[in-house]
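This is final10.cif (mmCIF, C-alpha atoms).
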data_start
loop_
_atom_site.label_atom_id
_atom_site.label_comp_id
_atom_site.auth_asym_id
_atom_site.auth_seq_id
_atom_site.Cartn_x
_atom_site.Cartn_y
_atom_site.Cartn_z
CA MET A 1 -33.95 -66.66 55.04
CA LEU A 2 -34.14 -68.56 58.31
CA GLU A 3 -33.34 -72.15 57.43
CA PRO A 4 -32.61 -74.08 60.60
CA ARG A 5 -30.65 -77.33 60.23
CA ARG A 6 -29.37 -76.38 56.79
CA ILE A 7 -25.80 -77.31 57.63
CA LYS A 8 -25.10 -80.95 56.72
CA HIS A 9 -21.30 -81.05 56.58
CA CYS A 10 -18.45 -79.46 58.52
CA ARG A 11 -16.81 -76.59 56.65
CA SER A 12 -13.44 -77.46 58.22
CA CYS A 13 -13.20 -81.22 57.55
CA GLY A 14 -16.30 -82.15 55.51
CA SER A 15 -17.62 -84.71 58.02
CA LEU A 16 -21.29 -84.97 58.95
CA ILE A 17 -22.86 -82.42 61.32
CA ALA A 18 -25.08 -83.20 64.31
CA TYR A 19 -27.38 -80.57 65.82
CA LEU A 20 -26.93 -80.64 69.60
CA VAL A 21 -26.39 -78.34 72.59
CA PRO A 22 -22.63 -78.07 73.31
CA SER A 23 -21.69 -78.52 76.97
CA ASP A 24 -20.66 -74.85 77.36
CA ASP A 25 -23.73 -73.50 75.54
CA ASN A 26 -27.48 -73.27 76.03
CA ARG A 27 -28.85 -73.74 72.52
CA GLU A 28 -28.64 -76.18 69.66
CA ARG A 29 -25.69 -75.70 67.31
CA ALA A 30 -24.36 -77.47 64.25
CA VAL A 31 -21.42 -79.47 65.67
CA CYS A 32 -19.03 -81.61 63.65
CA GLY A 33 -19.14 -85.25 64.74
CA ASP A 34 -15.51 -85.66 63.80
CA CYS A 35 -13.40 -82.56 64.50
CA GLY A 36 -15.86 -80.91 66.92
CA THR A 37 -16.04 -77.55 65.13
CA VAL A 38 -19.15 -75.58 66.14
CA HIS A 39 -20.87 -73.75 63.28
CA TYR A 40 -22.82 -70.72 64.47
CA GLU A 41 -25.72 -69.28 62.49
CA ASN A 42 -26.56 -65.64 63.15
CA PRO A 43 -28.78 -62.85 61.78
CA LEU A 44 -27.67 -60.90 58.72
CA ASN A 45 -27.74 -57.16 58.13
CA VAL A 46 -29.45 -55.66 55.09
CA VAL A 47 -28.37 -52.09 54.27
CA GLY A 48 -29.95 -49.60 51.90
CA THR A 49 -30.94 -46.01 51.25
CA VAL A 50 -33.94 -43.76 50.61
CA PRO A 51 -32.48 -41.74 47.71
CA ALA A 52 -34.35 -38.42 47.49
CA TRP A 53 -34.62 -35.75 44.81
CA GLN A 54 -36.85 -32.80 45.71
CA ASP A 55 -40.24 -34.39 46.62
CA GLN A 56 -39.42 -37.72 44.97
CA VAL A 57 -37.71 -40.97 45.99
CA LEU A 58 -35.83 -43.41 43.82
CA LEU A 59 -37.15 -46.97 43.54
CA CYS A 60 -35.77 -49.97 41.64
CA LYS A 61 -37.80 -52.60 39.80
CA ARG A 62 -36.27 -55.95 40.69
CA ASN A 63 -34.69 -58.06 37.94
CA ILE A 64 -34.00 -60.96 40.36
CA GLU A 65 -35.86 -63.31 42.66
CA PRO A 66 -37.34 -63.07 45.17
CA ARG A 67 -40.02 -60.57 44.15
CA TYR A 68 -38.99 -60.28 40.51
CA GLY A 69 -40.70 -57.27 38.90
CA MET A 70 -41.65 -55.61 42.18
CA TRP A 71 -40.30 -52.28 43.41
CA THR A 72 -37.75 -51.76 46.15
CA LEU A 73 -35.44 -49.23 47.69
CA PRO A 74 -31.82 -50.04 46.82
CA ALA A 75 -30.64 -52.44 49.54
CA GLY A 76 -28.80 -55.71 50.05
CA PHE A 77 -26.68 -57.78 52.41
CA MET A 78 -23.88 -56.02 54.24
CA GLU A 79 -20.51 -57.49 53.25
CA LEU A 80 -17.34 -58.20 55.23
CA GLY A 81 -14.88 -55.34 55.02
CA GLU A 82 -17.39 -52.50 55.06
CA THR A 83 -19.34 -50.34 57.50
CA LEU A 84 -23.15 -50.16 57.49
CA GLU A 85 -22.87 -46.81 55.71
CA ALA A 86 -20.42 -48.09 53.08
CA GLY A 87 -22.71 -51.03 52.40
CA ALA A 88 -25.72 -48.75 51.93
CA LEU A 89 -23.73 -46.62 49.45
CA ARG A 90 -22.47 -49.71 47.59
CA GLU A 91 -25.97 -51.14 47.21
CA THR A 92 -27.27 -47.79 45.97
CA ASP A 93 -24.56 -47.76 43.35
CA GLU A 94 -24.95 -51.43 42.37
CA GLU A 95 -28.75 -51.55 42.20
CA ALA A 96 -29.66 -48.04 41.06
CA GLY A 97 -26.41 -46.74 39.59
CA ALA A 98 -27.09 -43.61 41.61
CA ARG A 99 -24.75 -41.21 43.39
CA VAL A 100 -25.93 -39.99 46.79
CA GLU A 101 -24.77 -38.27 49.94
CA LEU A 102 -25.85 -40.07 53.10
CA GLN A 103 -27.92 -38.06 55.60
CA GLY A 104 -28.06 -40.42 58.55
CA LEU A 105 -29.74 -43.62 59.64
CA PHE A 106 -33.52 -43.42 59.18
CA THR A 107 -35.05 -46.84 59.95
CA LEU A 108 -33.68 -49.78 61.96
CA LEU A 109 -35.97 -52.77 61.54
CA ASN A 110 -35.83 -56.21 63.15
CA VAL A 111 -37.13 -58.92 60.81
CA VAL A 112 -36.88 -61.87 63.20
CA ARG A 113 -38.81 -64.31 61.01
CA VAL A 114 -36.06 -64.31 58.40
CA GLY A 115 -33.13 -63.65 60.76
CA GLN A 116 -32.35 -60.18 59.44
CA VAL A 117 -31.91 -56.59 60.60
CA HIS A 118 -32.59 -53.88 58.00
CA PHE A 119 -30.96 -50.44 58.03
CA PHE A 120 -32.12 -47.66 55.70
CA TYR A 121 -30.27 -44.35 55.45
CA ARG A 122 -31.72 -41.12 54.12
CA ALA A 123 -29.71 -40.02 51.11
CA GLN A 124 -29.63 -36.99 48.83
CA LEU A 125 -29.22 -37.73 45.12
CA THR A 126 -26.50 -35.54 43.64
CA ASP A 127 -27.85 -35.99 40.08
CA ILE A 128 -30.64 -37.93 38.39
CA ASN A 129 -28.72 -39.93 35.81
CA PHE A 130 -29.31 -43.51 36.90
CA ASN A 131 -27.37 -46.45 35.56
CA PRO A 132 -28.86 -49.50 37.25
CA GLY A 133 -26.97 -52.80 37.40
CA PRO A 134 -28.10 -56.28 36.33
CA GLU A 135 -30.28 -56.78 39.43
CA THR A 136 -32.57 -53.92 38.37
CA ILE A 137 -34.97 -53.64 35.40
CA GLU A 138 -35.59 -49.94 35.85
CA ALA A 139 -34.77 -47.18 38.35
CA ARG A 140 -37.05 -44.15 38.52
CA LEU A 141 -38.26 -41.37 40.78
CA PHE A 142 -41.70 -41.41 42.43
CA ARG A 143 -43.70 -38.70 44.19
CA GLU A 144 -45.63 -39.94 47.23
CA ASP A 145 -48.90 -40.23 45.27
CA GLU A 146 -47.12 -42.21 42.54
CA VAL A 147 -45.51 -44.87 44.78
CA PRO A 148 -46.68 -48.37 43.72
CA TRP A 149 -47.66 -49.33 47.29
CA GLU A 150 -49.21 -52.64 46.19
CA GLN A 151 -46.14 -53.63 44.21
CA LEU A 152 -43.45 -53.05 46.83
CA ALA A 153 -41.11 -56.01 47.22
CA PHE A 154 -40.60 -56.01 51.01
CA ARG A 155 -42.41 -54.91 54.14
CA THR A 156 -39.33 -53.09 55.40
CA VAL A 157 -39.40 -50.98 52.22
CA ARG A 158 -43.10 -50.18 52.73
CA GLU A 159 -42.48 -49.29 56.40
CA THR A 160 -39.51 -47.09 55.51
CA LEU A 161 -41.36 -45.23 52.72
CA HIS A 162 -44.41 -44.64 54.95
CA ARG A 163 -42.21 -43.17 57.69
CA TYR A 164 -40.25 -41.14 55.15
CA PHE A 165 -43.25 -39.37 53.65
CA GLU A 166 -44.83 -38.89 57.10
CA ASP A 167 -41.69 -37.25 58.44
CA ARG A 168 -41.32 -35.21 55.27
CA ARG A 169 -44.85 -33.79 55.67
CA ARG A 170 -44.22 -32.64 59.22
CA GLY A 171 -40.79 -31.29 58.25
CA ARG A 172 -38.69 -33.30 60.69
CA PHE A 173 -36.87 -36.59 60.09
CA GLU A 174 -36.24 -38.92 63.01
CA LEU A 175 -34.67 -42.34 63.43
CA HIS A 176 -37.41 -44.98 63.59
CA PHE A 177 -37.18 -48.39 65.24
CA ALA A 178 -39.67 -51.15 64.46
CA ASP A 179 -40.14 -54.90 64.49
CA ILE A 180 -41.56 -56.42 61.31
CA VAL A 181 -43.60 -59.42 62.49
CA MET B 182 -13.07 -62.55 63.81
CA LEU B 183 -12.51 -61.88 60.13
CA GLU B 184 -11.02 -65.10 58.79
CA PRO B 185 -11.17 -65.06 55.00
CA ARG B 186 -10.89 -68.42 53.24
CA ARG B 187 -11.82 -70.32 56.37
CA ILE B 188 -14.39 -72.48 54.54
CA LYS B 189 -12.79 -75.68 53.24
CA HIS B 190 -15.79 -77.91 52.62
CA CYS B 191 -19.35 -77.43 51.34
CA ARG B 192 -21.93 -77.48 54.13
CA SER B 193 -24.47 -79.07 51.76
CA CYS B 194 -22.48 -81.97 50.29
CA GLY B 195 -19.07 -81.95 52.04
CA SER B 196 -17.04 -81.53 48.81
CA LEU B 197 -14.08 -79.17 48.55
CA ILE B 198 -14.62 -75.42 48.24
CA ALA B 199 -12.94 -73.09 45.76
CA TYR B 200 -12.77 -69.33 46.32
CA LEU B 201 -13.79 -67.59 43.09
CA VAL B 202 -16.03 -64.82 41.75
CA PRO B 203 -19.38 -66.32 40.63
CA SER B 204 -20.56 -65.18 37.19
CA ASP B 205 -23.47 -63.18 38.65
CA ASP B 206 -21.40 -61.60 41.43
CA ASN B 207 -18.56 -59.13 41.81
CA ARG B 208 -16.55 -60.54 44.70
CA GLU B 209 -14.86 -63.75 45.72
CA ARG B 210 -17.11 -66.33 47.39
CA ALA B 211 -16.67 -69.84 48.74
CA VAL B 212 -18.22 -71.97 45.97
CA CYS B 213 -18.62 -75.76 46.07
CA GLY B 214 -16.71 -77.42 43.24
CA ASP B 215 -19.27 -80.23 43.16
CA CYS B 216 -22.84 -79.01 43.87
CA GLY B 217 -22.17 -75.31 43.16
CA THR B 218 -23.57 -74.01 46.48
CA VAL B 219 -22.29 -70.49 47.26
CA HIS B 220 -21.39 -69.89 50.91
CA TYR B 221 -21.68 -66.25 51.90
CA GLU B 222 -19.75 -64.78 54.82
CA ASN B 223 -21.19 -61.63 56.36
CA PRO B 224 -20.66 -59.36 59.36
CA LEU B 225 -22.09 -60.35 62.74
CA ASN B 226 -23.98 -58.23 65.24
CA VAL B 227 -22.88 -57.96 68.87
CA VAL B 228 -25.57 -56.70 71.26
CA GLY B 229 -25.23 -55.50 74.84
CA THR B 230 -26.26 -52.99 77.47
CA VAL B 231 -24.93 -50.25 79.74
CA PRO B 232 -26.72 -51.31 82.96
CA ALA B 233 -26.98 -48.28 85.25
CA TRP B 234 -27.74 -47.86 88.94
CA GLN B 235 -27.68 -44.25 90.17
CA ASP B 236 -24.22 -42.92 89.15
CA GLN B 237 -22.77 -46.40 88.61
CA VAL B 238 -22.57 -48.87 85.72
CA LEU B 239 -22.36 -52.65 85.87
CA LEU B 240 -19.28 -54.34 84.43
CA CYS B 241 -18.43 -58.04 84.14
CA LYS B 242 -14.99 -59.61 84.62
CA ARG B 243 -14.57 -62.13 81.80
CA ASN B 244 -14.20 -65.81 82.66
CA ILE B 245 -13.60 -66.76 79.00
CA GLU B 246 -11.24 -65.99 76.15
CA PRO B 247 -10.61 -63.68 74.48
CA ARG B 248 -9.59 -61.18 77.15
CA TYR B 249 -9.94 -63.51 80.12
CA GLY B 250 -9.92 -61.51 83.37
CA MET B 251 -10.64 -58.17 81.72
CA TRP B 252 -13.78 -56.10 82.25
CA THR B 253 -16.64 -55.68 79.81
CA LEU B 254 -20.19 -54.50 79.49
CA PRO B 255 -22.55 -57.48 79.13
CA ALA B 256 -22.67 -58.22 75.39
CA GLY B 257 -22.49 -61.05 72.89
CA PHE B 258 -23.49 -62.27 69.45
CA MET B 259 -27.08 -61.69 68.38
CA GLU B 260 -28.84 -65.02 67.80
CA LEU B 261 -31.37 -66.17 65.23
CA GLY B 262 -34.94 -65.78 66.48
CA GLU B 263 -34.43 -62.57 68.42
CA THR B 264 -34.47 -58.80 67.91
CA LEU B 265 -31.46 -56.60 68.70
CA GLU B 266 -33.21 -55.56 71.91
CA ALA B 267 -34.05 -59.13 72.96
CA GLY B 268 -30.44 -60.12 72.34
CA ALA B 269 -29.15 -57.26 74.51
CA LEU B 270 -31.48 -58.32 77.34
CA ARG B 271 -30.50 -61.98 76.98
CA GLU B 272 -26.78 -61.19 77.17
CA THR B 273 -27.34 -58.99 80.22
CA ASP B 274 -29.11 -61.87 81.92
CA GLU B 275 -26.58 -64.53 80.82
CA GLU B 276 -23.38 -62.62 81.57
CA ALA B 277 -24.37 -60.48 84.56
CA GLY B 278 -27.48 -62.21 85.88
CA ALA B 279 -29.00 -58.74 86.01
CA ARG B 280 -32.55 -57.53 85.41
CA VAL B 281 -32.86 -54.28 83.48
CA GLU B 282 -35.32 -52.13 81.59
CA LEU B 283 -33.99 -50.99 78.20
CA GLN B 284 -33.88 -47.24 77.60
CA GLY B 285 -33.00 -47.10 73.93
CA LEU B 286 -30.06 -47.64 71.61
CA PHE B 287 -27.01 -45.69 72.78
CA THR B 288 -24.01 -46.62 70.59
CA LEU B 289 -23.88 -48.18 67.12
CA LEU B 290 -20.30 -49.07 66.26
CA ASN B 291 -18.81 -50.49 63.06
CA VAL B 292 -15.85 -52.76 63.76
CA VAL B 293 -14.86 -53.51 60.18
CA ARG B 294 -11.55 -55.18 61.03
CA VAL B 295 -13.32 -58.10 62.68
CA GLY B 296 -16.49 -58.02 60.57
CA GLN B 297 -18.80 -56.92 63.38
CA VAL B 298 -21.34 -54.25 64.26
CA HIS B 299 -21.80 -53.54 67.98
CA PHE B 300 -25.03 -52.20 69.51
CA PHE B 301 -25.19 -51.03 73.13
CA TYR B 302 -28.48 -50.07 74.77
CA ARG B 303 -28.82 -47.91 77.85
CA ALA B 304 -30.54 -49.91 80.56
CA GLN B 305 -31.86 -49.22 84.05
CA LEU B 306 -31.11 -51.92 86.64
CA THR B 307 -34.27 -52.81 88.55
CA ASP B 308 -32.29 -54.26 91.49
CA ILE B 309 -28.64 -54.88 92.36
CA ASN B 310 -28.66 -58.60 93.06
CA PHE B 311 -26.41 -59.99 90.34
CA ASN B 312 -26.13 -63.66 89.54
CA PRO B 313 -23.55 -63.89 86.75
CA GLY B 314 -23.31 -66.96 84.52
CA PRO B 315 -20.27 -69.15 83.77
CA GLU B 316 -18.78 -66.61 81.32
CA THR B 317 -18.28 -64.10 84.14
CA ILE B 318 -15.95 -64.20 87.18
CA GLU B 319 -17.55 -61.23 88.90
CA ALA B 320 -20.18 -58.58 88.16
CA ARG B 321 -20.02 -55.28 90.06
CA LEU B 322 -20.96 -51.63 89.91
CA PHE B 323 -18.43 -48.88 89.14
CA ARG B 324 -18.61 -45.11 89.48
CA GLU B 325 -16.89 -43.21 86.67
CA ASP B 326 -13.72 -42.65 88.73
CA GLU B 327 -13.59 -46.36 89.59
CA VAL B 328 -13.84 -47.75 86.04
CA PRO B 329 -10.77 -49.92 85.24
CA TRP B 330 -10.08 -48.09 81.96
CA GLU B 331 -6.81 -49.95 81.37
CA GLN B 332 -8.41 -53.33 81.92
CA LEU B 333 -11.40 -53.04 79.58
CA ALA B 334 -11.76 -56.01 77.26
CA PHE B 335 -12.85 -54.25 74.05
CA ARG B 336 -12.52 -50.86 72.38
CA THR B 337 -16.28 -50.73 71.77
CA VAL B 338 -16.80 -51.04 75.53
CA ARG B 339 -14.33 -48.23 76.20
CA GLU B 340 -15.97 -46.02 73.53
CA THR B 341 -19.44 -46.72 74.92
CA LEU B 342 -18.45 -46.01 78.54
CA HIS B 343 -16.69 -42.76 77.57
CA ARG B 344 -19.77 -41.55 75.71
CA TYR B 345 -22.04 -42.68 78.53
CA PHE B 346 -20.28 -40.70 81.25
CA GLU B 347 -19.88 -37.68 78.94
CA ASP B 348 -23.58 -37.64 78.15
CA ARG B 349 -24.45 -38.22 81.80
CA ARG B 350 -22.41 -35.18 82.87
CA ARG B 351 -24.19 -32.88 80.43
CA GLY B 352 -27.56 -34.40 81.34
CA ARG B 353 -28.62 -35.56 77.87
CA PHE B 354 -28.18 -38.97 76.28
CA GLU B 355 -27.94 -39.25 72.51
CA LEU B 356 -27.42 -42.09 70.05
CA HIS B 357 -23.76 -42.19 69.00
CA PHE B 358 -22.36 -43.63 65.77
CA ALA B 359 -18.69 -44.44 65.39
CA ASP B 360 -16.25 -46.57 63.44
CA ILE B 361 -13.67 -48.45 65.50
CA VAL B 362 -10.57 -48.60 63.29
#

With the file now loaded, output its structure as structure tokens.
Amino acid sequence: MLEPRRIKHCRSCGSLIAYLVPSDDNRERAVCGDCGTVHYENPLNVVGTVPAWQDQVLLCKRNIEPRYGMWTLPAGFMELGETLEAGALRETDEEAGARVELQGLFTLLNVVRVGQVHFFYRAQLTDINFNPGPETIEARLFREDEVPWEQLAFRTVRETLHRYFEDRRRGRFELHFADIV
Amino acid sequence: MLEPRRIKHCRSCGSLIAYLVPSDDNRERAVCGDCGTVHYENPLNVVGTVPAWQDQVLLCKRNIEPRYGMWTLPAGFMELGETLEAGALRETDEEAGARVELQGLFTLLNVVRVGQVHFFYRAQLTDINFNPGPETIEARLFREDEVPWEQLAFRTVRETLHRYFEDRRRGRFELHFADIV
């Protein structure tokens, strides 16, 4: 979430932070009043998949906040040490306990309000034995007419599922770009 | 740059950090020994453009470290409050003082070693009056046979320029994905 001015102390020396525009910069940064370290705050990437099996997609019922009990595609924050694709695979394993083969980037969504960029990859399930982790209450397959549209956890998930079923109907998948405002 | 264990103090309360695996997590995080705040470290996005004018592209000679004096496409860290596209335009303005119209994402490059993802957009220069900012010594146009290949600042810039001229020769631009290892 976008939480400006959330840095109170310097991570290098522990002294108090002041928000000011450094002389060689053009925007406000968290600057240590003691050692001068500048603490940058930047957008985060969220990576996930659209795991497909025949005419169905796999959704996960969230066992964590935010949006406890609502449905989502498997997705989460990209970690250091991995590619976008590796992160999408990891989240699919962690949240759904599902094995997939990636089929390419499908949606790339700016979510400026919360300082995030979301990446969803199309993915082919290689079996339908799901073993969801602690973040998920239940993982199950949905046909388009079964998707719980009113109980989806995030707008990027709704956008991605809409585009997925649209593309599926016309028989051609493309990469979609959108801004979630 | 990827600098594990670089957090020494809690940004909330200033107390000392310990690196450990939280009970609800599966990897080491910087956790405050006093207030318990968990400090996540995630990859950063770098956004830029390939500004084109006829058969030439615009490069900038760096006036800052790292790679002082070497040539780069205009690019920099995506900021909070902007989309990928807005960031690419901002960097093009700040580093090259150039006005462009974006023509779509061209390269998407994982740079795992330094915890970054790089995004370069094709862009059409609307004029050739450049007014580079303080981060740039000089901004000028290069034909393919003039590009200073041995003096390029970053491998993602080299990769993007190679793909750009290749696609230009065959008359069709595509979106390219690659991992820089």

Written as an NGL selection string, what is the full residue list that the PyMOL selection byres ((chain B) within 9 of (chain A)) yields on the file shown?
-> :B and (183 or 187-198 or 205 or 221-226 or 258-265 or 290-298 or 315 or 360)

Chain and number of each residue from the PyMOL selection byres ((chain B and resi 321) around 7), as a VMD selection string = chain B and resid 239 to 241 319 to 320 322 to 323

Could you give me chain B least-squares fitted onto chain A (all C-alpha atoms, paired in order), as a tab-separated table (two decimals) with C-alpha atoms, in the frame of the given file?
chain	number	residue	atom	x	y	z
B	182	MET	CA	-34.01	-66.69	55.06
B	183	LEU	CA	-34.17	-68.54	58.35
B	184	GLU	CA	-33.38	-72.14	57.47
B	185	PRO	CA	-32.60	-74.06	60.64
B	186	ARG	CA	-30.67	-77.31	60.25
B	187	ARG	CA	-29.42	-76.35	56.81
B	188	ILE	CA	-25.81	-77.30	57.63
B	189	LYS	CA	-25.13	-80.93	56.70
B	190	HIS	CA	-21.34	-81.04	56.56
B	191	CYS	CA	-18.47	-79.46	58.51
B	192	ARG	CA	-16.84	-76.58	56.64
B	193	SER	CA	-13.47	-77.47	58.20
B	194	CYS	CA	-13.23	-81.21	57.50
B	195	GLY	CA	-16.34	-82.14	55.46
B	196	SER	CA	-17.65	-84.71	57.99
B	197	LEU	CA	-21.31	-84.97	58.93
B	198	ILE	CA	-22.88	-82.43	61.29
B	199	ALA	CA	-25.08	-83.19	64.29
B	200	TYR	CA	-27.39	-80.57	65.81
B	201	LEU	CA	-26.93	-80.62	69.59
B	202	VAL	CA	-26.39	-78.33	72.58
B	203	PRO	CA	-22.63	-78.05	73.30
B	204	SER	CA	-21.67	-78.51	76.96
B	205	ASP	CA	-20.66	-74.85	77.35
B	206	ASP	CA	-23.72	-73.48	75.53
B	207	ASN	CA	-27.46	-73.26	76.03
B	208	ARG	CA	-28.84	-73.72	72.53
B	209	GLU	CA	-28.64	-76.16	69.67
B	210	ARG	CA	-25.69	-75.69	67.31
B	211	ALA	CA	-24.36	-77.46	64.24
B	212	VAL	CA	-21.43	-79.45	65.66
B	213	CYS	CA	-19.04	-81.61	63.62
B	214	GLY	CA	-19.18	-85.24	64.72
B	215	ASP	CA	-15.53	-85.68	63.74
B	216	CYS	CA	-13.41	-82.55	64.45
B	217	GLY	CA	-15.87	-80.93	66.90
B	218	THR	CA	-16.03	-77.55	65.10
B	219	VAL	CA	-19.15	-75.58	66.12
B	220	HIS	CA	-20.87	-73.73	63.26
B	221	TYR	CA	-22.81	-70.71	64.45
B	222	GLU	CA	-25.72	-69.26	62.48
B	223	ASN	CA	-26.55	-65.63	63.15
B	224	PRO	CA	-28.77	-62.86	61.80
B	225	LEU	CA	-27.67	-60.90	58.73
B	226	ASN	CA	-27.74	-57.16	58.14
B	227	VAL	CA	-29.44	-55.65	55.09
B	228	VAL	CA	-28.36	-52.08	54.28
B	229	GLY	CA	-29.94	-49.58	51.90
B	230	THR	CA	-30.95	-46.00	51.26
B	231	VAL	CA	-33.95	-43.76	50.61
B	232	PRO	CA	-32.49	-41.73	47.71
B	233	ALA	CA	-34.35	-38.42	47.49
B	234	TRP	CA	-34.62	-35.76	44.80
B	235	GLN	CA	-36.88	-32.82	45.71
B	236	ASP	CA	-40.25	-34.41	46.64
B	237	GLN	CA	-39.42	-37.73	44.97
B	238	VAL	CA	-37.71	-40.97	46.00
B	239	LEU	CA	-35.83	-43.43	43.81
B	240	LEU	CA	-37.16	-46.98	43.54
B	241	CYS	CA	-35.77	-49.97	41.65
B	242	LYS	CA	-37.80	-52.62	39.80
B	243	ARG	CA	-36.25	-55.97	40.70
B	244	ASN	CA	-34.68	-58.08	37.95
B	245	ILE	CA	-33.99	-60.97	40.36
B	246	GLU	CA	-35.83	-63.30	42.70
B	247	PRO	CA	-37.31	-63.06	45.20
B	248	ARG	CA	-40.00	-60.59	44.16
B	249	TYR	CA	-38.97	-60.30	40.52
B	250	GLY	CA	-40.66	-57.29	38.90
B	251	MET	CA	-41.62	-55.64	42.18
B	252	TRP	CA	-40.29	-52.30	43.42
B	253	THR	CA	-37.75	-51.76	46.17
B	254	LEU	CA	-35.44	-49.22	47.70
B	255	PRO	CA	-31.81	-50.03	46.82
B	256	ALA	CA	-30.64	-52.44	49.53
B	257	GLY	CA	-28.78	-55.69	50.05
B	258	PHE	CA	-26.67	-57.77	52.42
B	259	MET	CA	-23.87	-55.99	54.25
B	260	GLU	CA	-20.50	-57.47	53.26
B	261	LEU	CA	-17.34	-58.20	55.22
B	262	GLY	CA	-14.87	-55.31	55.04
B	263	GLU	CA	-17.40	-52.50	55.06
B	264	THR	CA	-19.35	-50.33	57.51
B	265	LEU	CA	-23.15	-50.15	57.50
B	266	GLU	CA	-22.87	-46.80	55.72
B	267	ALA	CA	-20.41	-48.07	53.09
B	268	GLY	CA	-22.70	-51.02	52.42
B	269	ALA	CA	-25.72	-48.73	51.93
B	270	LEU	CA	-23.74	-46.62	49.45
B	271	ARG	CA	-22.47	-49.70	47.61
B	272	GLU	CA	-25.97	-51.13	47.21
B	273	THR	CA	-27.27	-47.78	45.97
B	274	ASP	CA	-24.55	-47.75	43.34
B	275	GLU	CA	-24.95	-51.43	42.37
B	276	GLU	CA	-28.75	-51.57	42.20
B	277	ALA	CA	-29.65	-48.05	41.06
B	278	GLY	CA	-26.40	-46.74	39.60
B	279	ALA	CA	-27.09	-43.61	41.62
B	280	ARG	CA	-24.75	-41.21	43.40
B	281	VAL	CA	-25.94	-39.98	46.79
B	282	GLU	CA	-24.77	-38.26	49.94
B	283	LEU	CA	-25.88	-40.08	53.11
B	284	GLN	CA	-27.92	-38.05	55.59
B	285	GLY	CA	-28.06	-40.41	58.54
B	286	LEU	CA	-29.74	-43.62	59.64
B	287	PHE	CA	-33.51	-43.42	59.17
B	288	THR	CA	-35.06	-46.83	59.95
B	289	LEU	CA	-33.68	-49.76	61.95
B	290	LEU	CA	-35.96	-52.76	61.54
B	291	ASN	CA	-35.82	-56.20	63.16
B	292	VAL	CA	-37.11	-58.91	60.84
B	293	VAL	CA	-36.87	-61.85	63.21
B	294	ARG	CA	-38.80	-64.29	61.02
B	295	VAL	CA	-36.05	-64.31	58.42
B	296	GLY	CA	-33.13	-63.64	60.77
B	297	GLN	CA	-32.35	-60.16	59.45
B	298	VAL	CA	-31.90	-56.58	60.61
B	299	HIS	CA	-32.59	-53.88	58.00
B	300	PHE	CA	-30.96	-50.43	58.03
B	301	PHE	CA	-32.12	-47.65	55.70
B	302	TYR	CA	-30.26	-44.35	55.45
B	303	ARG	CA	-31.73	-41.13	54.12
B	304	ALA	CA	-29.71	-40.02	51.12
B	305	GLN	CA	-29.64	-36.98	48.85
B	306	LEU	CA	-29.23	-37.74	45.13
B	307	THR	CA	-26.51	-35.55	43.64
B	308	ASP	CA	-27.85	-36.00	40.09
B	309	ILE	CA	-30.65	-37.94	38.38
B	310	ASN	CA	-28.71	-39.94	35.82
B	311	PHE	CA	-29.30	-43.52	36.92
B	312	ASN	CA	-27.36	-46.46	35.56
B	313	PRO	CA	-28.84	-49.51	37.28
B	314	GLY	CA	-26.95	-52.81	37.43
B	315	PRO	CA	-28.09	-56.29	36.34
B	316	GLU	CA	-30.26	-56.79	39.45
B	317	THR	CA	-32.56	-53.94	38.38
B	318	ILE	CA	-34.95	-53.66	35.40
B	319	GLU	CA	-35.59	-49.96	35.85
B	320	ALA	CA	-34.76	-47.21	38.35
B	321	ARG	CA	-37.05	-44.16	38.52
B	322	LEU	CA	-38.26	-41.38	40.77
B	323	PHE	CA	-41.70	-41.42	42.43
B	324	ARG	CA	-43.68	-38.72	44.20
B	325	GLU	CA	-45.63	-39.96	47.22
B	326	ASP	CA	-48.89	-40.24	45.26
B	327	GLU	CA	-47.11	-42.23	42.54
B	328	VAL	CA	-45.51	-44.88	44.77
B	329	PRO	CA	-46.68	-48.39	43.72
B	330	TRP	CA	-47.65	-49.35	47.28
B	331	GLU	CA	-49.20	-52.66	46.19
B	332	GLN	CA	-46.13	-53.65	44.21
B	333	LEU	CA	-43.43	-53.07	46.83
B	334	ALA	CA	-41.09	-56.02	47.22
B	335	PHE	CA	-40.59	-56.01	51.01
B	336	ARG	CA	-42.42	-54.91	54.14
B	337	THR	CA	-39.32	-53.09	55.39
B	338	VAL	CA	-39.40	-50.99	52.21
B	339	ARG	CA	-43.08	-50.19	52.72
B	340	GLU	CA	-42.47	-49.30	56.40
B	341	THR	CA	-39.51	-47.09	55.50
B	342	LEU	CA	-41.35	-45.24	52.72
B	343	HIS	CA	-44.40	-44.65	54.94
B	344	ARG	CA	-42.22	-43.17	57.68
B	345	TYR	CA	-40.25	-41.14	55.15
B	346	PHE	CA	-43.27	-39.38	53.65
B	347	GLU	CA	-44.84	-38.90	57.10
B	348	ASP	CA	-41.70	-37.26	58.44
B	349	ARG	CA	-41.32	-35.21	55.27
B	350	ARG	CA	-44.85	-33.80	55.65
B	351	ARG	CA	-44.23	-32.66	59.21
B	352	GLY	CA	-40.80	-31.29	58.25
B	353	ARG	CA	-38.68	-33.31	60.68
B	354	PHE	CA	-36.88	-36.59	60.09
B	355	GLU	CA	-36.24	-38.92	63.01
B	356	LEU	CA	-34.67	-42.34	63.43
B	357	HIS	CA	-37.41	-44.98	63.59
B	358	PHE	CA	-37.18	-48.40	65.23
B	359	ALA	CA	-39.66	-51.14	64.45
B	360	ASP	CA	-40.13	-54.89	64.49
B	361	ILE	CA	-41.57	-56.42	61.32
B	362	VAL	CA	-43.62	-59.40	62.51
